[in-house]
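Structure, as structure tokens:
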Amino acid sequence: MNEPSIAARRDALIADESLQGRAFGSAYAELIEAWLVELVGDLRDLSLIAGGSLGRRELAPFSDLDLVIVHGGRKDIAEVANSIWYPIWDSKIALDHSVRTPKEAVAMADSDLKVVSSLLDGRVIAGDLALGDDALARVRETWTRRGSRRLPQMEELALARHLKEGDVSYLLEPELKLAKGGHRDLRALSALEAATPITFRHSPELDEAAATLFAVRVALHRVEGRAVDTLYLERQDDVADQLGYADADELMRAVATAGRTVARAYDDAWRRSDAWARGPAGRGAGGGDRPLGDGIVLRDGELDLVSTTDAADLTLLVRAAEQAAVLGVGFRTAALERLAAEVQPAVGLWPDAARDALVGLLGTGPNLVTVFETLDEYALLTKIIPEWEHVRSKPQRNAFHRFTVDRHLTEAAANAAEYTRNVERPDLLLVGCWLHDIGKGWPGDHTDAGIELVRTIGARLGFPPADVEILVQLVRHHLLLPSVATSRDLSDPAVAAMVADAVGSLEVLHLLAALTQADSLATGPSAWSDWKQGLIEDLVRRVELVLRDEAPPFEPETMSPEDAELIARADGDVMVEHRPDGLAVVGPDRPGLLACVVGLLSVHGWAVQGAYVNSYDGVAANRFQIERSYARRDDNWDRFVEELRAALVDRRTLDERVEQRARTYPRRRNAARPAKPRVILHEGESTSAAVFEVRAADRLGLLYRLTRAITEVPLDISHAKVSTLGQEVIDTFYLRTTDGAIPSAETIERASAMLLAAASDPPAETAELPAE
């Protein structure tokens, strides 16, 4: 019987889930090595070197094989090399390969950081052992002797990589290999140690972190069935189950902890390497210690504590953090270790100096993120705010958010520093932004929990009762402005009156406006746009007028200047205009117009991220914020108009095209737990229409099905706002009967049922819904 192929033997190992993490990596490496020894056979004057993950015997299921053939000048080396490479290629195993003489291998490693990084982990696995070992020894000797000159380039590349990929410990979908605190940084530690006379501390915690990250990579490859190093939300439950974690949240906390440990070791290694590279003269430039206040000094470019100062003082910790952020410098490791050992958690009333230092720290902008990361590595943030422990490394379970809760709060506070001049109380803005989602660490509604927490924390920080109540208002209403602006008819005076009644004062309104922008920018790329900013600014202006008692009398269906200009140019016909800021569609207001437009957009490869729909005396003026949802194609908007006219006459062909697109281009599930569809009736929010809000998991064709269902009730859409927030859509429709009246209770019930059916995935049948 023929022996199973190497791919089949690998697949058998992958199927054996008793082999996890390093046990799998070692077993797979052993299998591959034995096979490669067979391929090389008794070839002479040739050495096969395994670098990278195979060299370390940490081979994930679908990792590349990083192989180098070193030879002594064989004339037939190309033919010999192909006899080794082709069986690997035929087995569909990814291969990164090269063929070198020892001299060429050393020269290549000396000029290419990727090559030297791989060969520093290299081992001879077949062929002439002496030839391969000699080549590896020369590579390592050259790196030890000359590698220090490459360190600036290595650091620059790493910083660019971190900027692009983010942090393992704070991302909801971390890239386990390239992000900060990931696999590549572990390899950088080895290269740094080989290039400098510094011996870095290899703690049990660092080894455990490396083992955790590798185990997660192995499990991720298994569940994906391919080489993937980004831990997407939809795979986290599967990976957690395979590795024996209670749930995905427990898995992600373990990943975050491992990422923090690696990042801390990495940062410490670079600080020590940079200090070594500067030498005594560079470190001492400036004439010794520079005092920065009681007990704090700047020493060799790093913040340090005076040996005689009381490190247990919480005020000292906050002042030191403020100084580090203001100056943009790091802490000396010894100072951090001393603070971690001696500072007592905050429990009583803060002195004014400590609160002022905290506000100053929060107002330092981007440097705040770096300082908070450092404090958190040494568990010092939880000594400042003990409640921080509940949000530390807490995932948010959907791709609308980019960061874990703790990093999101830090980013929001850092963003808020840009808007302190726009508000009456900059201190309350900074603290409110930092704590607005603190309730996400507790059971139940995060806003309700956050209100009670901020009331306690604000009093502990020493804010007077009136200020504490403003902080509570910021937490209570931190979602108010974006929710209303993106879902309600802002021309309706009831909307501005409702918001004005909630916020109570101009001071709170302005704080909420600044918090909304800082919060949105810290959330993710889909959470803020010029369109959303314009809506919120419009809402804030209207609410300001109400709070100043200057609101003008309401004029129903007041036409905006932009809509008036579009309608005039359409001149009674259907007009479609594609512009840099989106799409404008104007035409006679008739049942199904909106459904046909959004259906055709889906067919043509566009996703609707936002929509603003208005109807004026029989004319519809609709504006859409759109983005590509699948492969780009040439756009012919004249043909789009022709197809729109045809669909308005007979929509059956469009129905088929939309459903076909939905089957052909399924949207990647970007939430671990997709949103369940809900239909909410907002009673009393309009005097002229029934207001329906639909929340559901986003997918291609959803908006088309919703608007088609409205047409089939039948009802008219007098106004609509459409928002896509990550994996969830929040669409609001102002619905009236075809003769312009508010729908009856029976019609509202039918509309609710049909909208819920359309929002279901897969769409539920509507034939059995109660008739009007």
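Going by the structure tokens order, chains are called A, B, ..., each with residues numbered from 1, while ligands are numbered from 1 in the order shown.
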Do you know which residues are at most 8 Å from Gly122 in chain A counting only C-alpha atoms, after dropping those on the same chain fewer than 3 positions away, and could you put them as a VMD selection string? chain A and resid 49 to 52 55 to 56 118 to 119 136
d(CA of Leu171 in chain A, CA of Pro395 in chain A) in Å: 8.2 Å
Tell me which protein, DNA and RNA residues are within 6 Å of Phe733 in chain A, counting only C-alpha atoms, leaving out same-chain ones fewer than 3 positions away, and put them as a list in words. Val691, Phe692 and Ala720 of chain A
Atoms to include: N, CA, C and O atoms. Write the selected residues as a compact mmCIF listing (two decimals), in the first residue's frame.
# COMPACT_ATOMS: atom_id res chain seq x y z
N VAL A 691 -43.53 56.68 13.28
CA VAL A 691 -42.07 56.59 13.20
C VAL A 691 -41.64 55.17 13.60
O VAL A 691 -41.83 54.73 14.73
N PHE A 692 -41.05 54.46 12.64
CA PHE A 692 -40.57 53.10 12.85
C PHE A 692 -39.05 53.10 12.81
O PHE A 692 -38.44 53.68 11.89
N ALA A 720 -36.99 59.47 5.74
CA ALA A 720 -36.25 58.29 6.21
C ALA A 720 -34.80 58.65 6.44
O ALA A 720 -34.24 59.54 5.78
Using only C-alpha atoms, I'd like a table of the residues in range 643-707 of chain A that come within 12 Å of range 585-598 of chain A; for each, show the closest atom pair and its distance in Å rounded to one decimal, ordered by chain and ascending number, as a Markdown table.
| residue | atom | partner | partner_atom | distance |
| --- | --- | --- | --- | --- |
| A:Glu643 | CA | A:Cys596 | CA | 9.1 |
| A:Leu644 | CA | A:Cys596 | CA | 6.4 |
| A:Arg645 | CA | A:Cys596 | CA | 9.0 |
| A:Ala646 | CA | A:Cys596 | CA | 9.5 |
| A:Ala647 | CA | A:Cys596 | CA | 6.3 |
| A:Leu648 | CA | A:Leu593 | CA | 6.7 |
| A:Val649 | CA | A:Gly592 | CA | 9.8 |
| A:Asp650 | CA | A:Cys596 | CA | 10.0 |
| A:Arg651 | CA | A:Cys596 | CA | 7.5 |
| A:Arg652 | CA | A:Cys596 | CA | 10.6 |
| A:Thr653 | CA | A:Cys596 | CA | 10.8 |
| A:Leu654 | CA | A:Cys596 | CA | 7.6 |
| A:Asp655 | CA | A:Cys596 | CA | 9.2 |
| A:Arg657 | CA | A:Cys596 | CA | 11.5 |
| A:Val658 | CA | A:Val598 | CA | 9.7 |
| A:Leu700 | CA | A:Val598 | CA | 10.3 |
| A:Gly701 | CA | A:Val598 | CA | 8.0 |
| A:Leu702 | CA | A:Val598 | CA | 9.3 |
| A:Leu703 | CA | A:Val598 | CA | 6.8 |
| A:Tyr704 | CA | A:Ala595 | CA | 5.1 |
| A:Arg705 | CA | A:Ala595 | CA | 7.6 |
| A:Leu706 | CA | A:Ala595 | CA | 7.9 |
| A:Thr707 | CA | A:Ala595 | CA | 4.9 |
Write out as an MDAnalysis selection string which residues come within 7 Å of Ala416 in chain A when counting only C-alpha atoms, dropping same-chain ones fewer than 4 positions away. chainID A and resid 412 420 430 433 514:515 518
Å distance separating CA of Val576 in chain A from CA of Phe640 in chain A, one decimal place: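 Distance between the two atoms: 8.0 Å.
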Range 170-419 of chain A: which residues are helix (DSSP H, G or I) by DSSP, as JSON, numbers by chain? {"A": [183, 184, 185, 186, 187, 188, 189, 190, 191, 192, 193, 194, 195, 204, 205, 206, 207, 208, 209, 210, 211, 212, 213, 214, 215, 216, 217, 218, 219, 220, 221, 222, 223, 224, 233, 234, 235, 236, 237, 238, 239, 240, 241, 242, 243, 248, 249, 250, 251, 252, 253, 254, 255, 256, 257, 258, 259, 260, 261, 262, 263, 264, 265, 266, 267, 268, 269, 270, 271, 272, 273, 274, 275, 276, 277, 278, 279, 280, 281, 282, 283, 284, 314, 315, 316, 317, 318, 319, 320, 321, 322, 323, 324, 325, 326, 327, 333, 334, 335, 336, 337, 338, 339, 340, 341, 342, 352, 353, 354, 355, 356, 357, 358, 359, 360, 361, 362, 367, 368, 369, 370, 371, 372, 373, 374, 375, 376, 377, 381, 382, 383, 384, 386, 387, 388, 389, 390, 405, 406, 407, 408, 409, 410, 411, 412, 413, 414, 415, 416, 417, 418, 419]}
Strand (DSSP E) positions in range 135-384 of chain A, given as JSON, numbers by chain: {"A": [290, 291, 296, 297, 298, 299, 302, 303, 304, 305, 330, 331]}
Residues of the last selection are to be written out with C-alpha atoms, as a short mmCIF file (atom, residue, chain, number, x, y, z; two decimals), in the first residue's frame.
data_model
loop_
_atom_site.label_atom_id
_atom_site.label_comp_id
_atom_site.auth_asym_id
_atom_site.auth_seq_id
_atom_site.Cartn_x
_atom_site.Cartn_y
_atom_site.Cartn_z
CA ARG A 290 16.27 67.59 35.52
CA PRO A 291 13.77 68.17 38.37
CA ILE A 296 10.17 63.41 39.99
CA VAL A 297 13.18 63.87 37.71
CA LEU A 298 14.06 63.45 34.05
CA ARG A 299 17.07 61.11 33.99
CA GLU A 302 13.36 58.94 30.99
CA LEU A 303 11.12 59.86 33.89
CA ASP A 304 12.37 58.60 37.23
CA LEU A 305 11.63 59.00 40.94
CA GLY A 330 8.96 57.01 28.87
CA PHE A 331 9.37 55.83 32.43
#
Residues near Leu176 in chain A, cut-off 12 Å, only C-alpha atoms, skip fewer than 4 positions along chain, as a PyMOL selection string: chain A and resi 162+165-172+180-186+209-210+212-218+220-221+227-232+252+255-256+258-259+262
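Between CA of Trp434 in chain A and CA of Val495 in chain A the interatomic distance comes to 28.2 Å.
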Would you list the contacts of Ala745 in chain A as a list in words, taking every protein, DNA or RNA residue within 12 Å and counting only C-alpha atoms, but skipping same-chain residues closer than 4 positions in sequence?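 These residues fall inside the cut-off: Leu681, Glu683, Ala690, Thr737, Glu749, Arg750, Ala751, Ser752 and Glu772 of chain A.
With only C-alpha atoms as the atoms that count, the residue of A:Pro714, A:Pro743, A:Pro4, A:Pro677 with the shortest distance to Asp698 in chain A is A:Pro677.
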Determine, counting only C-alpha atoms, which protein, DNA and RNA residues have an atom within 10 Å of an atom of Asp310 in chain A; residues of the same chain fewer than 5 positions away are not included. Present the result as a PyMOL selection string. chain A and resi 294-295+305+316+339+342-343
With only C-alpha atoms as the basis for distance, which of A:Asp289, A:Glu418, A:Glu250, A:Asp300 is at the shortest distance from Asp274 in chain A?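 Among the listed residues, the smallest separation from Asp274 in chain A belongs to A:Asp300.
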